[in-house]
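The structure file structure.tsv is reproduced below (TSV, C-alpha atoms).
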chain	number	residue	atom	x	y	z
A	1	MET	CA	26.37	108.19	-87.96
A	2	LYS	CA	28.46	111.35	-87.76
A	3	PHE	CA	30.04	113.56	-90.40
A	4	ALA	CA	32.78	116.16	-90.34
A	5	VAL	CA	31.55	119.69	-90.97
A	6	THR	CA	34.17	122.30	-91.76
A	7	LEU	CA	33.12	125.88	-91.08
A	8	GLY	CA	35.14	128.05	-93.41
A	9	ASN	CA	34.47	131.28	-91.54
A	10	VAL	CA	36.30	130.11	-88.44
A	11	GLY	CA	38.51	127.39	-89.87
A	12	ARG	CA	37.13	124.72	-87.57
A	13	THR	CA	35.87	121.23	-88.23
A	14	ILE	CA	33.19	119.83	-85.97
A	15	GLU	CA	31.22	116.61	-85.76
A	16	CYS	CA	27.57	116.61	-86.79
A	17	ARG	CA	25.22	113.67	-86.44
A	18	ALA	CA	23.15	112.65	-89.45
A	19	ASP	CA	19.98	113.52	-87.52
A	20	GLN	CA	21.29	116.90	-86.38
A	21	THR	CA	21.28	120.21	-88.20
A	22	ILE	CA	24.57	121.89	-88.95
A	23	LEU	CA	23.41	124.92	-86.94
A	24	SER	CA	22.67	122.78	-83.91
A	25	ALA	CA	26.06	121.11	-84.09
A	26	ALA	CA	27.83	124.44	-84.53
A	27	VAL	CA	26.06	126.20	-81.66
A	28	GLY	CA	26.63	123.13	-79.49
A	29	ALA	CA	30.33	123.42	-80.29
A	30	GLY	CA	30.34	127.02	-79.10
A	31	ILE	CA	30.48	128.62	-82.53
A	32	ASP	CA	28.65	131.92	-83.01
A	33	TYR	CA	26.91	130.89	-86.23
A	34	PRO	CA	24.45	133.60	-87.36
A	35	TYR	CA	20.84	132.52	-86.81
A	36	ALA	CA	17.48	133.83	-85.71
A	37	CYS	CA	14.40	131.65	-86.33
A	38	ALA	CA	16.28	128.34	-86.53
A	39	SER	CA	13.30	126.91	-88.39
A	40	GLY	CA	13.83	127.80	-92.04
A	41	ASN	CA	11.88	131.00	-92.21
A	42	CYS	CA	14.22	133.98	-91.90
A	43	ALA	CA	17.41	133.03	-93.81
A	44	THR	CA	19.72	134.55	-91.22
A	45	CYS	CA	21.76	131.32	-91.35
A	46	ILE	CA	21.92	131.16	-95.15
A	47	SER	CA	25.23	129.65	-96.18
A	48	ASP	CA	27.32	128.51	-99.11
A	49	LEU	CA	27.63	124.76	-99.29
A	50	LYS	CA	31.16	124.52	-100.64
A	51	ALA	CA	31.45	120.74	-100.59
A	52	GLY	CA	29.44	117.71	-99.57
A	53	ASP	CA	25.75	116.84	-99.44
A	54	VAL	CA	22.96	117.77	-97.09
A	55	ASP	CA	19.25	117.19	-96.92
A	56	LEU	CA	16.90	119.93	-95.80
A	57	LEU	CA	14.11	119.88	-93.27
A	58	PRO	CA	10.99	121.87	-94.30
A	59	TYR	CA	11.57	125.58	-94.89
A	60	GLY	CA	9.68	128.54	-96.33
A	61	ASP	CA	9.83	129.88	-99.87
A	62	GLY	CA	10.93	133.26	-98.57
A	63	ALA	CA	14.01	131.85	-96.89
A	64	LEU	CA	15.56	129.86	-99.74
A	65	SER	CA	14.39	130.06	-103.32
A	66	ALA	CA	14.86	127.21	-105.74
A	67	GLN	CA	17.28	129.43	-107.65
A	68	LEU	CA	19.46	130.07	-104.61
A	69	ARG	CA	19.41	126.40	-103.74
A	70	SER	CA	20.55	125.54	-107.26
A	71	GLN	CA	23.43	127.98	-106.74
A	72	GLY	CA	24.64	126.01	-103.74
A	73	LYS	CA	23.02	128.05	-100.99
A	74	THR	CA	21.57	126.26	-98.00
A	75	LEU	CA	20.08	126.95	-94.59
A	76	ALA	CA	22.24	125.73	-91.73
A	77	CYS	CA	19.19	125.46	-89.47
A	78	ARG	CA	17.54	123.01	-91.86
A	79	ALA	CA	20.57	121.21	-93.29
A	80	ARG	CA	21.54	117.76	-92.04
A	81	PRO	CA	24.74	116.31	-93.45
A	82	ARG	CA	24.75	113.29	-95.73
A	83	SER	CA	28.52	113.36	-96.19
A	84	ASP	CA	31.44	115.35	-94.85
A	85	VAL	CA	30.63	118.98	-95.56
A	86	GLU	CA	32.39	122.31	-96.01
A	87	ILE	CA	30.19	125.32	-95.44
A	88	VAL	CA	30.56	129.11	-95.16
A	89	TRP	CA	27.92	131.30	-93.58
A	90	LEU	CA	27.00	134.47	-95.44
A	91	GLY	CA	25.45	136.52	-92.64
A	92	ARG	CA	27.08	138.32	-89.79
A	93	PRO	CA	27.28	136.85	-86.30
A	94	ARG	CA	25.37	138.57	-83.56
A	95	ALA	CA	26.90	141.94	-82.59
B	1	MET	CA	-18.23	132.01	-111.07
B	2	ASN	CA	-15.33	132.33	-113.52
B	3	ALA	CA	-11.82	133.23	-112.40
B	4	ASP	CA	-12.13	136.94	-113.22
B	5	ASP	CA	-15.42	137.28	-111.38
B	6	ARG	CA	-13.99	135.34	-108.46
B	7	ALA	CA	-10.95	137.62	-108.28
B	8	LEU	CA	-13.19	140.68	-108.18
B	9	ALA	CA	-15.43	139.14	-105.54
B	10	ARG	CA	-12.42	138.12	-103.48
B	11	GLN	CA	-10.91	141.59	-103.70
B	12	ALA	CA	-14.17	143.17	-102.57
B	13	ALA	CA	-14.51	140.73	-99.67
B	14	CYS	CA	-10.93	141.30	-98.52
B	15	GLN	CA	-11.26	145.06	-98.73
B	16	ALA	CA	-14.47	144.89	-96.71
B	17	LEU	CA	-12.74	142.77	-94.10
B	18	LEU	CA	-9.89	145.26	-93.77
B	19	ARG	CA	-12.34	148.14	-93.37
B	20	GLU	CA	-14.16	146.22	-90.68
B	21	ALA	CA	-10.91	145.28	-88.95
B	22	ARG	CA	-9.90	148.92	-88.79
B	23	ALA	CA	-13.30	149.80	-87.34
B	24	ILE	CA	-12.99	147.06	-84.71
B	25	GLU	CA	-9.55	148.26	-83.67
B	26	ALA	CA	-10.79	151.84	-83.44
B	27	ALA	CA	-13.77	150.84	-81.35
B	28	HIS	CA	-12.25	148.17	-79.12
B	29	GLY	CA	-8.48	148.39	-79.43
B	30	ILE	CA	-6.34	145.28	-79.18
B	31	THR	CA	-8.30	143.92	-76.25
B	32	PRO	CA	-9.74	140.44	-75.69
B	33	ALA	CA	-13.13	141.72	-76.88
B	34	GLY	CA	-11.60	143.35	-79.94
B	35	MET	CA	-9.56	140.30	-80.82
B	36	ASP	CA	-12.59	138.05	-80.48
B	37	ARG	CA	-14.39	140.26	-82.97
B	38	MET	CA	-11.39	140.08	-85.30
B	39	ARG	CA	-11.39	136.30	-84.95
B	40	GLN	CA	-15.07	136.04	-85.85
B	41	LEU	CA	-14.51	138.39	-88.77
B	42	VAL	CA	-11.75	136.26	-90.30
B	43	ILE	CA	-13.63	133.01	-89.64
B	44	GLY	CA	-16.53	134.51	-91.56
B	45	LEU	CA	-14.39	135.18	-94.62
B	46	ALA	CA	-12.72	131.77	-94.36
B	47	GLN	CA	-16.15	130.16	-94.52
B	48	GLN	CA	-16.29	131.32	-98.14
B	49	GLY	CA	-13.83	128.46	-98.71
B	50	ASP	CA	-13.47	127.37	-102.32
B	51	THR	CA	-16.00	129.95	-103.47
B	52	LEU	CA	-13.37	132.67	-103.08
B	53	PHE	CA	-10.18	130.80	-102.23
B	54	PRO	CA	-9.87	127.69	-104.42
B	55	ASP	CA	-6.52	125.91	-104.66
B	56	ALA	CA	-6.28	126.79	-108.34
B	57	ASP	CA	-5.96	130.51	-107.59
B	58	PHE	CA	-3.00	130.18	-105.25
B	59	ALA	CA	0.27	128.64	-106.30
B	60	PRO	CA	1.59	125.99	-103.93
B	61	PRO	CA	4.92	126.61	-102.20
B	62	GLN	CA	8.11	125.94	-104.09
B	63	ALA	CA	9.47	124.67	-100.81
B	64	TYR	CA	7.16	124.19	-97.81
B	65	GLY	CA	5.50	127.52	-97.13
B	66	ARG	CA	4.21	130.50	-99.05
B	67	ASN	CA	2.31	133.66	-98.06
B	68	HIS	CA	0.01	135.15	-100.69
B	69	LEU	CA	-0.86	138.77	-100.00
B	70	LEU	CA	-4.61	139.16	-100.49
B	71	ASP	CA	-4.84	142.82	-99.60
B	72	ASP	CA	-3.49	145.45	-97.25
B	73	THR	CA	-4.39	148.96	-96.28
B	74	THR	CA	-2.50	151.76	-97.98
B	75	ASP	CA	-0.70	152.54	-94.72
B	76	ALA	CA	0.18	148.82	-94.33
B	77	GLN	CA	-1.32	148.87	-90.83
B	78	PHE	CA	-3.51	145.88	-91.67
B	79	ALA	CA	-2.71	143.07	-94.05
B	80	LEU	CA	-4.50	139.88	-95.02
B	81	TYR	CA	-2.70	136.83	-96.40
B	82	LEU	CA	-3.55	133.38	-97.60
B	83	THR	CA	-0.89	131.10	-96.22
B	84	VAL	CA	-0.11	127.67	-97.65
B	85	THR	CA	2.19	125.32	-95.76
B	86	LEU	CA	3.07	121.70	-96.31
B	87	PRO	CA	3.15	119.01	-93.62
B	88	GLY	CA	6.21	119.37	-91.44
B	89	LYS	CA	6.58	123.11	-91.92
B	90	GLU	CA	7.27	124.65	-88.53
B	91	SER	CA	8.35	127.73	-86.70
B	92	THR	CA	10.07	127.95	-83.34
B	93	PRO	CA	8.48	130.00	-80.55
B	94	HIS	CA	8.48	133.63	-81.57
B	95	ASP	CA	7.01	137.01	-80.75
B	96	HIS	CA	6.31	138.94	-83.94
B	97	GLY	CA	5.41	142.02	-81.98
B	98	ILE	CA	1.99	142.59	-83.48
B	99	TRP	CA	-1.42	141.00	-83.13
B	100	CYS	CA	-2.71	138.46	-85.61
B	101	VAL	CA	-5.65	136.21	-86.38
B	102	ASN	CA	-5.30	132.92	-88.23
B	103	ALA	CA	-8.41	131.14	-89.55
B	104	GLY	CA	-8.33	127.74	-91.26
B	105	LEU	CA	-9.50	127.02	-94.78
B	106	SER	CA	-8.31	123.43	-95.06
B	107	GLY	CA	-5.72	121.12	-93.57
B	108	SER	CA	-4.51	121.67	-90.03
B	109	GLU	CA	-1.88	123.64	-88.21
B	110	LEU	CA	-0.91	123.12	-84.59
B	111	GLN	CA	-0.44	126.36	-82.70
B	112	ARG	CA	1.48	126.28	-79.42
B	113	PHE	CA	1.45	129.28	-77.09
B	114	TYR	CA	4.19	130.16	-74.64
B	115	ARG	CA	5.16	132.50	-71.87
B	116	ARG	CA	8.66	133.68	-71.18
B	117	THR	CA	10.01	132.32	-67.92
B	118	ASP	CA	13.27	134.20	-67.49
B	119	ASP	CA	13.61	137.87	-66.59
B	120	GLY	CA	15.38	138.87	-69.78
B	121	SER	CA	18.38	140.13	-67.87
B	122	ARG	CA	20.94	138.05	-69.79
B	123	PRO	CA	21.19	139.35	-73.36
B	124	GLY	CA	20.83	136.66	-75.98
B	125	PHE	CA	19.47	134.08	-73.59
B	126	GLY	CA	15.93	133.24	-72.57
B	127	THR	CA	13.51	130.46	-71.75
B	128	VAL	CA	9.84	129.82	-72.48
B	129	GLU	CA	7.25	127.31	-71.36
B	130	GLU	CA	4.20	126.11	-73.24
B	131	ILE	CA	0.94	127.33	-71.73
B	132	ASP	CA	-1.68	126.37	-74.30
B	133	ARG	CA	-2.20	124.89	-77.74
B	134	ALA	CA	-4.86	124.89	-80.43
B	135	VAL	CA	-5.41	123.38	-83.85
B	136	VAL	CA	-6.37	125.71	-86.69
B	137	SER	CA	-8.49	123.98	-89.30
B	138	SER	CA	-11.62	124.72	-91.30
B	139	GLY	CA	-14.07	126.65	-89.12
B	140	THR	CA	-11.59	127.44	-86.35
B	141	ALA	CA	-9.23	130.33	-85.69
B	142	ILE	CA	-6.79	131.68	-83.16
B	143	ALA	CA	-6.23	135.29	-82.18
B	144	MET	CA	-3.08	136.63	-80.57
B	145	ALA	CA	-2.41	139.97	-78.95
B	146	ASN	CA	0.71	142.08	-79.45
B	147	HIS	CA	3.78	140.26	-78.11
B	148	ASP	CA	2.11	136.89	-77.58
B	149	ILE	CA	4.59	134.07	-78.20
B	150	HIS	CA	3.64	131.16	-80.42
B	151	ALA	CA	5.04	128.33	-82.52
B	152	THR	CA	3.45	126.56	-85.46
B	153	LEU	CA	3.59	123.12	-87.04
B	154	THR	CA	1.67	121.96	-90.09
B	155	THR	CA	0.24	118.57	-89.19
B	156	GLY	CA	-1.60	115.85	-91.06
B	157	ASP	CA	-0.90	114.60	-94.56
B	158	ARG	CA	-2.11	117.48	-96.69
B	159	PRO	CA	-1.28	121.18	-97.00
B	160	SER	CA	-2.63	123.64	-94.49
B	161	ARG	CA	-4.35	126.68	-96.00
B	162	SER	CA	-5.43	129.55	-93.82
B	163	LEU	CA	-6.25	133.23	-93.81
B	164	ALA	CA	-3.96	135.37	-91.68
B	165	LEU	CA	-4.79	138.91	-90.66
B	166	TYR	CA	-1.96	140.95	-89.14
B	167	GLY	CA	-1.73	144.36	-87.53
B	168	TYR	CA	1.07	145.12	-89.98
B	169	ALA	CA	2.09	143.86	-93.36
B	170	LEU	CA	4.69	141.11	-92.93
B	171	ASN	CA	7.44	143.30	-94.32
B	172	ARG	CA	6.55	145.99	-91.80
B	173	PHE	CA	6.75	143.89	-88.64
B	174	PRO	CA	8.42	145.92	-85.90
B	175	GLU	CA	10.82	143.05	-85.23
B	176	VAL	CA	10.57	139.35	-84.56
B	177	THR	CA	12.04	137.73	-81.47
B	178	PHE	CA	12.74	134.01	-81.62
B	179	PHE	CA	13.12	131.80	-78.56
B	180	LEU	CA	15.18	128.69	-79.19
B	181	PRO	CA	14.50	126.11	-76.48
B	182	GLU	CA	17.19	123.81	-77.90
B	183	PHE	CA	19.85	126.44	-77.29
B	184	GLY	CA	18.22	128.44	-74.49
B	185	THR	CA	18.79	131.52	-76.58
B	186	VAL	CA	16.87	134.51	-77.88
B	187	ARG	CA	17.51	136.10	-81.25
B	188	THR	CA	15.87	139.19	-82.70
B	189	LEU	CA	15.33	139.75	-86.39
B	190	PRO	CA	15.28	143.49	-87.10
B	191	SER	CA	12.39	145.10	-88.91
B	192	ARG	CA	12.46	145.12	-92.68
B	193	ARG	CA	10.85	148.56	-92.78
B	194	PRO	CA	10.42	150.85	-94.58
B	195	LEU	CA	7.81	149.46	-96.92
B	196	VAL	CA	8.45	150.57	-100.48
B	197	ARG	CA	5.43	150.63	-102.71
B	198	ALA	CA	5.68	150.39	-106.47

Written as structure tokens, that's how I'd like the structure from this file.
Amino acid sequence: MKFAVTLGNVGRTIECRADQTILSAAVGAGIDYPYACASGNCATCISDLKAGDVDLLPYGDGALSAQLRSQGKTLACRARPRSDVEIVWLGRPRA
Amino acid sequence: MNADDRALARQAACQALLREARAIEAAHGITPAGMDRMRQLVIGLAQQGDTLFPDADFAPPQAYGRNHLLDDTTDAQFALYLTVTLPGKESTPHDHGIWCVNAGLSGSELQRFYRRTDDGSRPGFGTVEEIDRAVVSSGTAIAMANHDIHATLTTGDRPSRSLALYGYALNRFPEVTFFLPEFGTVRTLPSRRPLVRA
């Protein structure tokens, strides 16, 4: 199953498999999404989930607090879509 | 031992460990012999198990992983943590720049070790290959030198709890370099220095 993921920062919509993270799909599509650890520990890829649902692979407390998650923040490296999604990254791409 | 007495005993034991770690580094440096002594030192403290480090004294993660600072030196050159991670918690291969020792209390964590296989000439890109692996559980420990590359995965069906001794406090790491095999890329997380003490 695939979902449409719209990346607000660059105004592009890409396909993301249900078993794929949004970061993986974005990098695979040639998008310079900000990331570092890609395993839910550093929060470089922290993003605003503007619309849609995701589930999250395991991540560390220091990367995404329960409070931030309740405010709609997510980690692109851990987030797998469960619907079509609109997302905006909050960090800066690599210089 | 009640909770207050245990906290005092734990603090004394952790402070003693940090003093000994500093003495080992001064005497042996970050050499294989020095790191083996560090490893034995942390295993020794971990063998205190529930006497000093019961579950009740350390909150579980809100998500999947939490580091509890046990103690550090005033210059933050040595720091000891109790780390709790839940099954499935992982890290990609990374070089955190500074040596560390990780000794198991309970549960199990798979440690994979890597070497870089490219020449680093292409900024942002890099490759690694696995060269060794070990499981950290009660009674076992791993020691890594500065710039060793490793990845972790909490395995089994219960939380992994371990003691982690670093050559810097976590918020003083020089920088952390992540190798992403899926993308063939390298990304560096800048240091979060300077440490600000209350």

Item to complete: Could you tell me how far CA of Ile31 (chain A) lies from CA of Arg122 (chain B), in Å and to one decimal?
Response: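 Distance between the two atoms: 18.5 Å.
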
Worksheet item: What is the CA of Met1 (chain A) to CA of Asp48 (chain A) distance in Å?
Response: 23.2 Å

Item to complete: Name the residues in contact with region 21-29 of chain A at a cut-off of 9 Å, using only C-alpha atoms, excluding same-chain residues fewer than 6 positions from it; report them as a list in words.
Response: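 The residues satisfying every condition are Val5, Leu7, Ile14, Glu15, Tyr35, Ala38, Cys45, Leu56, Leu57, Leu75, Ala76, Cys77, Arg78, Ala79, Arg80 and Pro81 of chain A; Glu182 and Phe183 of chain B.
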
Give as a PDB file with C-alpha atoms, in the coordinates of the input every residue of chain B that touches chain A within 7 Å, counting all atoms listed in the file.
ATOM      1  CA  PRO B  61       4.920 126.610-102.200  1.00  0.00           C
ATOM      2  CA  GLN B  62       8.110 125.940-104.090  1.00  0.00           C
ATOM      3  CA  ALA B  63       9.470 124.670-100.810  1.00  0.00           C
ATOM      4  CA  TYR B  64       7.160 124.190 -97.810  1.00  0.00           C
ATOM      5  CA  GLY B  65       5.500 127.520 -97.130  1.00  0.00           C
ATOM      6  CA  ARG B  66       4.210 130.500 -99.050  1.00  0.00           C
ATOM      7  CA  GLY B  88       6.210 119.370 -91.440  1.00  0.00           C
ATOM      8  CA  LYS B  89       6.580 123.110 -91.920  1.00  0.00           C
ATOM      9  CA  GLU B  90       7.270 124.650 -88.530  1.00  0.00           C
ATOM     10  CA  SER B  91       8.350 127.730 -86.700  1.00  0.00           C
ATOM     11  CA  THR B  92      10.070 127.950 -83.340  1.00  0.00           C
ATOM     12  CA  PHE B 178      12.740 134.010 -81.620  1.00  0.00           C
ATOM     13  CA  ARG B 187      17.510 136.100 -81.250  1.00  0.00           C
ATOM     14  CA  THR B 188      15.870 139.190 -82.700  1.00  0.00           C
ATOM     15  CA  LEU B 189      15.330 139.750 -86.390  1.00  0.00           C
TER      16      LEU B 189
END

Item to complete: Fewer than 3 positions away in the same chain doesn't count, so skip those; otherwise give me all residues within 8 Å of region 11-16 of chain B, counting only C-alpha atoms, as a PyMOL selection string.
Response: chain B and resi 7-8+19-20+45+70-72+80

Worksheet entry | For CA of Pro54 (chain B) and CA of Leu153 (chain B), the interatomic separation in Å (one decimal) | 22.5 Å

Discussion item. When you count only C-alpha atoms, which of these residues is closest to Ala46 (chain B): B:Leu110, B:Val135, B:Val101, B:Val186?
Written reply: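 Residue with the minimum atom-to-atom distance to Ala46 (chain B): B:Val101.
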
Discussion item. With only C-alpha atoms as the counted atoms, please give the residues lying no more than 7 Å from Glu86 (chain A), apart from itself and same-chain residues fewer than 2 positions off, as a list in words.
Written reply: Val5, Thr6, Leu7, Gly8, Leu49, Lys50, Ala51 and Gly52 of chain A

Would you put the residues from that selection into a file with C-alpha atoms, as a short mmCIF file (atom, residue, chain, number, x, y, z; two decimals), in the coordinates of the input?
data_model
loop_
_atom_site.label_atom_id
_atom_site.label_comp_id
_atom_site.auth_asym_id
_atom_site.auth_seq_id
_atom_site.Cartn_x
_atom_site.Cartn_y
_atom_site.Cartn_z
CA VAL A 5 31.55 119.69 -90.97
CA THR A 6 34.17 122.30 -91.76
CA LEU A 7 33.12 125.88 -91.08
CA GLY A 8 35.14 128.05 -93.41
CA LEU A 49 27.63 124.76 -99.29
CA LYS A 50 31.16 124.52 -100.64
CA ALA A 51 31.45 120.74 -100.59
CA GLY A 52 29.44 117.71 -99.57
#

Worksheet entry | Among listed residues A:Thr74, A:Thr13, A:Gln67, A:Gln20, nearest Leu90 (chain A) (using only C-alpha atoms) |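 So, comparing all the options, the nearest one is A:Thr74.
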